[in-house]
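**Student:** Below is the file entry.tsv, which contains TSV, C-alpha atoms.
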```tsv
chain	number	residue	atom	x	y	z
A	21	MET	CA	80.25	92.40	102.83
A	22	SER	CA	80.48	88.86	101.45
A	23	PRO	CA	81.89	86.02	103.57
A	24	GLU	CA	84.80	85.67	101.14
A	25	SER	CA	85.85	89.30	101.50
A	26	ALA	CA	85.53	89.10	105.28
A	27	MET	CA	88.17	86.36	105.30
A	28	GLN	CA	90.64	88.33	103.17
A	29	PRO	CA	93.20	90.41	105.10
A	30	ALA	CA	92.97	94.11	104.47
A	31	PRO	CA	95.73	95.43	102.22
A	32	ARG	CA	98.48	97.16	104.18
A	33	SER	CA	99.64	100.61	103.22
A	34	ALA	CA	103.28	100.55	102.22
A	35	THR	CA	103.81	104.22	101.61
A	36	PRO	CA	107.08	105.34	103.21
A	37	ALA	CA	107.53	108.89	104.44
A	38	ALA	CA	108.81	111.34	101.83
A	39	GLY	CA	112.52	110.82	101.22
A	40	VAL	CA	112.65	107.56	103.21
A	41	PRO	CA	113.58	104.48	101.18
A	42	PRO	CA	111.38	101.36	101.54
A	43	ALA	CA	112.51	98.42	103.65
A	44	GLN	CA	115.81	96.88	102.65
A	45	ARG	CA	118.26	94.29	103.90
A	46	LEU	CA	120.96	94.98	106.47
A	47	ASP	CA	123.70	93.65	104.18
A	48	ARG	CA	122.90	96.52	101.77
A	49	ALA	CA	122.64	99.23	104.44
A	50	GLU	CA	124.62	102.43	104.27
A	51	THR	CA	127.49	102.54	106.77
A	52	GLY	CA	126.94	104.93	109.70
A	53	ARG	CA	123.20	105.42	109.18
A	54	ARG	CA	120.57	104.41	111.74
A	55	TYR	CA	117.91	101.91	110.78
A	56	THR	CA	115.11	100.08	112.52
A	57	VAL	CA	114.77	96.30	112.28
A	58	ARG	CA	111.52	95.53	110.47
A	59	GLN	CA	111.70	91.72	110.48
A	60	VAL	CA	114.13	88.81	110.46
A	61	THR	CA	113.53	86.16	107.82
A	62	PRO	CA	114.95	82.63	107.72
A	63	ASP	CA	117.66	81.73	105.26
A	64	PRO	CA	116.44	78.78	103.12
A	65	GLN	CA	119.91	77.21	103.43
A	66	VAL	CA	120.13	77.73	107.23
A	67	PRO	CA	116.59	78.02	108.67
A	68	GLU	CA	117.77	78.39	112.29
A	69	ARG	CA	119.67	81.57	111.42
A	70	ALA	CA	116.60	83.79	111.99
A	71	ARG	CA	116.17	82.43	115.52
A	72	GLN	CA	119.88	82.91	116.25
A	73	LEU	CA	119.76	86.54	115.09
A	74	GLU	CA	116.65	87.21	117.19
A	75	GLU	CA	118.33	85.66	120.25
A	76	ILE	CA	121.22	88.14	120.04
A	77	GLY	CA	118.91	91.14	119.71
A	78	PHE	CA	117.82	91.59	116.09
A	79	LEU	CA	114.15	92.10	116.94
A	80	PRO	CA	111.51	94.21	115.16
A	81	GLY	CA	111.68	97.81	116.35
A	82	GLU	CA	115.30	97.60	117.53
A	83	GLN	CA	117.75	100.27	116.33
A	84	VAL	CA	120.63	98.99	114.18
A	85	MET	CA	123.64	100.52	112.41
A	86	VAL	CA	126.39	99.10	110.18
A	87	MET	CA	129.51	100.61	111.72
A	88	THR	CA	132.10	99.34	109.23
A	89	ARG	CA	132.72	96.62	106.65
A	90	GLY	CA	135.63	94.23	106.15
A	91	PHE	CA	138.13	94.88	103.41
A	92	PRO	CA	138.18	93.72	100.69
A	93	GLY	CA	134.66	92.75	99.69
A	94	GLY	CA	132.71	94.23	102.61
A	95	ASP	CA	132.46	90.99	104.63
A	96	PRO	CA	132.10	90.74	107.60
A	97	LEU	CA	130.02	93.71	108.70
A	98	VAL	CA	130.44	95.25	112.14
A	99	VAL	CA	126.89	95.95	113.29
A	100	ARG	CA	125.54	97.67	116.40
A	101	VAL	CA	122.08	96.58	117.57
A	102	GLY	CA	120.80	98.24	120.71
A	103	GLN	CA	123.86	98.50	123.00
A	104	SER	CA	125.68	95.45	121.55
A	105	THR	CA	128.15	95.17	118.68
A	106	PHE	CA	128.53	92.07	116.49
A	107	ALA	CA	130.42	90.96	113.40
A	108	LEU	CA	127.98	89.42	110.93
A	109	ARG	CA	128.65	87.66	107.66
A	110	GLY	CA	126.81	89.08	104.68
A	111	ALA	CA	124.53	86.03	104.51
A	112	GLU	CA	123.49	86.60	108.13
A	113	ALA	CA	122.91	90.33	107.61
A	114	ALA	CA	120.78	89.56	104.53
A	115	CYS	CA	118.18	87.94	106.83
A	116	VAL	CA	117.61	91.23	108.68
A	117	HIS	CA	115.12	93.52	106.92
A	118	ILE	CA	115.36	97.15	107.92
A	119	GLU	CA	113.91	100.57	107.27
A	120	ALA	CA	115.38	104.02	107.84
A	121	ALA	CA	115.00	105.13	111.44
A	122	SER	CA	112.59	108.01	111.90
A	123	ALA	CA	113.96	111.32	113.12
A	124	ALA	CA	111.73	111.02	116.19
A	125	GLY	CA	113.13	107.58	117.07
A	126	ALA	CA	116.77	108.38	116.30
```
So that I can check it, write out the structure of this file as C-alpha coordinates.
**Tutor:**
Amino acid sequence: MSPESAMQPAPRSATPAAGVPPAQRLDRAETGRRYTVRQVTPDPQVPERARQLEEIGFLPGEQVMVMTRGFPGGDPLVVRVGQSTFALRGAEAACVHIEAASAAGA
(Lines of atoms letter the chains of each structure in order from A and count residues from 1; the text may use other names and numbers.)
(Lines give C-alpha, C1' and ligand atoms only; values in the text may rest on other atoms or scores of the structure.)
Protein backbone atom coordinates (compact mmCIF):
# COMPACT_ATOMS: atom_id res chain seq x y z
CA MET A 1 0.00 0.00 0.00
CA SER A 2 1.46 3.37 -0.99
CA PRO A 3 1.64 6.24 1.53
CA GLU A 4 -0.81 8.24 -0.60
CA SER A 5 -3.46 5.52 -0.52
CA ALA A 6 -2.99 5.05 3.22
CA MET A 7 -3.99 8.69 3.74
CA GLN A 8 -7.16 8.41 1.64
CA PRO A 9 -10.34 7.56 3.55
CA ALA A 10 -11.94 4.30 2.54
CA PRO A 11 -15.05 4.75 0.41
CA ARG A 12 -18.24 4.28 2.41
CA SER A 13 -20.93 1.95 1.20
CA ALA A 14 -24.13 3.86 0.53
CA THR A 15 -26.36 0.98 -0.41
CA PRO A 16 -29.72 1.34 1.34
CA ALA A 17 -31.80 -1.71 2.24
CA ALA A 18 -34.16 -2.90 -0.49
CA GLY A 19 -37.18 -0.61 -0.72
CA VAL A 20 -35.68 2.04 1.59
CA PRO A 21 -35.07 5.42 -0.03
CA PRO A 22 -31.64 7.06 0.45
CA ALA A 23 -31.17 9.88 2.95
CA GLN A 24 -33.35 12.91 2.39
CA ARG A 25 -34.22 16.17 4.10
CA LEU A 26 -36.86 16.50 6.80
CA ASP A 27 -38.69 19.26 4.90
CA ARG A 28 -39.42 16.69 2.16
CA ALA A 29 -40.42 13.86 4.51
CA GLU A 30 -43.69 12.03 4.18
CA THR A 31 -46.21 12.95 6.89
CA GLY A 32 -46.79 10.23 9.51
CA ARG A 33 -43.75 8.10 8.62
CA ARG A 34 -40.90 7.42 11.04
CA TYR A 35 -37.39 8.46 10.11
CA THR A 36 -34.01 8.51 11.79
CA VAL A 37 -31.91 11.67 11.91
CA ARG A 38 -28.74 11.05 9.91
CA GLN A 39 -27.07 14.45 10.32
CA VAL A 40 -27.80 18.14 10.81
CA THR A 41 -26.08 20.51 8.40
CA PRO A 42 -25.63 24.27 8.79
CA ASP A 43 -27.65 26.66 6.67
CA PRO A 44 -25.21 28.93 4.75
CA GLN A 45 -27.50 31.89 5.51
CA VAL A 46 -27.84 31.05 9.24
CA PRO A 47 -24.84 28.94 10.33
CA GLU A 48 -25.96 28.71 13.98
CA ARG A 49 -29.17 26.94 12.96
CA ALA A 50 -27.53 23.48 13.04
CA ARG A 51 -26.41 24.01 16.64
CA GLN A 52 -29.87 25.25 17.63
CA LEU A 53 -31.53 22.18 16.11
CA GLU A 54 -29.08 19.86 17.85
CA GLU A 55 -29.73 21.60 21.19
CA ILE A 56 -33.45 20.83 20.97
CA GLY A 57 -32.88 17.16 20.14
CA PHE A 58 -32.23 16.73 16.42
CA LEU A 59 -29.23 14.44 16.90
CA PRO A 60 -27.97 11.58 14.70
CA GLY A 61 -29.82 8.37 15.52
CA GLU A 62 -32.86 10.11 17.02
CA GLN A 63 -36.32 9.09 15.77
CA VAL A 64 -38.29 11.85 14.01
CA MET A 65 -41.71 12.17 12.36
CA VAL A 66 -43.50 15.00 10.53
CA MET A 67 -46.92 14.95 12.17
CA THR A 68 -48.65 17.61 10.04
CA ARG A 69 -47.96 20.61 7.82
CA GLY A 70 -49.38 24.12 7.80
CA PHE A 71 -51.95 25.09 5.23
CA PRO A 72 -51.51 26.48 2.66
CA GLY A 73 -47.98 25.80 1.48
CA GLY A 74 -46.91 23.20 4.05
CA ASP A 75 -45.09 25.65 6.36
CA PRO A 76 -44.57 25.32 9.30
CA LEU A 77 -44.14 21.60 9.92
CA VAL A 78 -45.16 20.01 13.21
CA VAL A 79 -42.35 17.57 13.97
CA ARG A 80 -41.91 15.04 16.77
CA VAL A 81 -38.32 14.20 17.74
CA GLY A 82 -37.91 11.74 20.58
CA GLN A 83 -40.66 12.66 23.08
CA SER A 84 -40.83 16.37 22.10
CA THR A 85 -42.94 18.15 19.49
CA PHE A 86 -41.85 21.32 17.68
CA ALA A 87 -43.06 23.58 14.88
CA LEU A 88 -40.23 24.09 12.38
CA ARG A 89 -40.07 26.37 9.38
CA GLY A 90 -39.21 24.64 6.12
CA ALA A 91 -35.75 26.25 6.07
CA GLU A 92 -35.03 24.79 9.52
CA ALA A 93 -36.31 21.33 8.57
CA ALA A 94 -34.15 21.40 5.41
CA CYS A 95 -31.03 21.29 7.64
CA VAL A 96 -32.06 17.91 9.09
CA HIS A 97 -31.03 14.96 6.91
CA ILE A 98 -32.95 11.78 7.54
CA GLU A 99 -33.33 8.20 6.43
CA ALA A 100 -36.25 5.81 6.77
CA ALA A 101 -36.36 4.20 10.20
CA SER A 102 -35.61 0.48 10.15
CA ALA A 103 -38.37 -1.92 11.14
CA ALA A 104 -36.19 -3.10 14.03
CA GLY A 105 -35.74 0.45 15.37
CA ALA A 106 -39.34 1.57 14.83
**Student:** Taking (119.2, 101.0, 116.8) in the coordinates of the supplied file, I want to know which residues reach to within 12 Å of it, counting all atoms listed in the file; could you give the answer as JSON, numbers by chain?
**Tutor:** {"A": [52, 53, 54, 55, 56, 57, 58, 77, 78, 79, 80, 81, 82, 83, 84, 85, 86, 87, 99, 100, 101, 102, 103, 104, 105, 118, 119, 120, 121, 122, 125, 126]}
**Student:** Export C-alpha atoms of the chosen residues as a PDB file, in the coordinates of the input?
**Tutor:**
```pdb
ATOM      1  CA  GLY A  52     126.940 104.930 109.700  1.00  0.00           C
ATOM      2  CA  ARG A  53     123.200 105.420 109.180  1.00  0.00           C
ATOM      3  CA  ARG A  54     120.570 104.410 111.740  1.00  0.00           C
ATOM      4  CA  TYR A  55     117.910 101.910 110.780  1.00  0.00           C
ATOM      5  CA  THR A  56     115.110 100.080 112.520  1.00  0.00           C
ATOM      6  CA  VAL A  57     114.770  96.300 112.280  1.00  0.00           C
ATOM      7  CA  ARG A  58     111.520  95.530 110.470  1.00  0.00           C
ATOM      8  CA  GLY A  77     118.910  91.140 119.710  1.00  0.00           C
ATOM      9  CA  PHE A  78     117.820  91.590 116.090  1.00  0.00           C
ATOM     10  CA  LEU A  79     114.150  92.100 116.940  1.00  0.00           C
ATOM     11  CA  PRO A  80     111.510  94.210 115.160  1.00  0.00           C
ATOM     12  CA  GLY A  81     111.680  97.810 116.350  1.00  0.00           C
ATOM     13  CA  GLU A  82     115.300  97.600 117.530  1.00  0.00           C
ATOM     14  CA  GLN A  83     117.750 100.270 116.330  1.00  0.00           C
ATOM     15  CA  VAL A  84     120.630  98.990 114.180  1.00  0.00           C
ATOM     16  CA  MET A  85     123.640 100.520 112.410  1.00  0.00           C
ATOM     17  CA  VAL A  86     126.390  99.100 110.180  1.00  0.00           C
ATOM     18  CA  MET A  87     129.510 100.610 111.720  1.00  0.00           C
ATOM     19  CA  VAL A  99     126.890  95.950 113.290  1.00  0.00           C
ATOM     20  CA  ARG A 100     125.540  97.670 116.400  1.00  0.00           C
ATOM     21  CA  VAL A 101     122.080  96.580 117.570  1.00  0.00           C
ATOM     22  CA  GLY A 102     120.800  98.240 120.710  1.00  0.00           C
ATOM     23  CA  GLN A 103     123.860  98.500 123.000  1.00  0.00           C
ATOM     24  CA  SER A 104     125.680  95.450 121.550  1.00  0.00           C
ATOM     25  CA  THR A 105     128.150  95.170 118.680  1.00  0.00           C
ATOM     26  CA  ILE A 118     115.360  97.150 107.920  1.00  0.00           C
ATOM     27  CA  GLU A 119     113.910 100.570 107.270  1.00  0.00           C
ATOM     28  CA  ALA A 120     115.380 104.020 107.840  1.00  0.00           C
ATOM     29  CA  ALA A 121     115.000 105.130 111.440  1.00  0.00           C
ATOM     30  CA  SER A 122     112.590 108.010 111.900  1.00  0.00           C
ATOM     31  CA  GLY A 125     113.130 107.580 117.070  1.00  0.00           C
ATOM     32  CA  ALA A 126     116.770 108.380 116.300  1.00  0.00           C
TER      33      ALA A 126
END
```
**Student:** For a quick check of understanding, using only C-alpha atoms, which of A:Arg45, A:Ile76, A:Pro92, A:Gly110 has the smallest distance to A:Gln59?
**Tutor:**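 Closest to A:Gln59 of all the choices is A:Arg45.
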**Student:** With all atoms listed in the file as the basis for distance, which of A:Val60, A:His117, A:Gln65, A:Asp47 is at the shortest distance from A:Pro96?
**Tutor:**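 Using all atoms listed in the file, the shortest distance to A:Pro96 belongs to A:Asp47.
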**Student:** Measuring between all atoms listed in the file, which one of A:Leu73, A:Cys115, A:Leu108, A:Val66 shows the shortest distance to A:Gly90?
**Tutor:**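 Using all atoms listed in the file, the shortest distance to A:Gly90 belongs to A:Leu108.
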**Student:** Between atom CA of A:Thr51 and atom CA of A:Pro64, what is the distance, to one decimal in Å?
**Tutor:**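 It comes out at 26.5 Å.
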**Student:** One decimal, in Å: what's the spacing between atom CA of A:Val116 and atom CA of A:Gln72?
**Tutor:** 11.5 Å
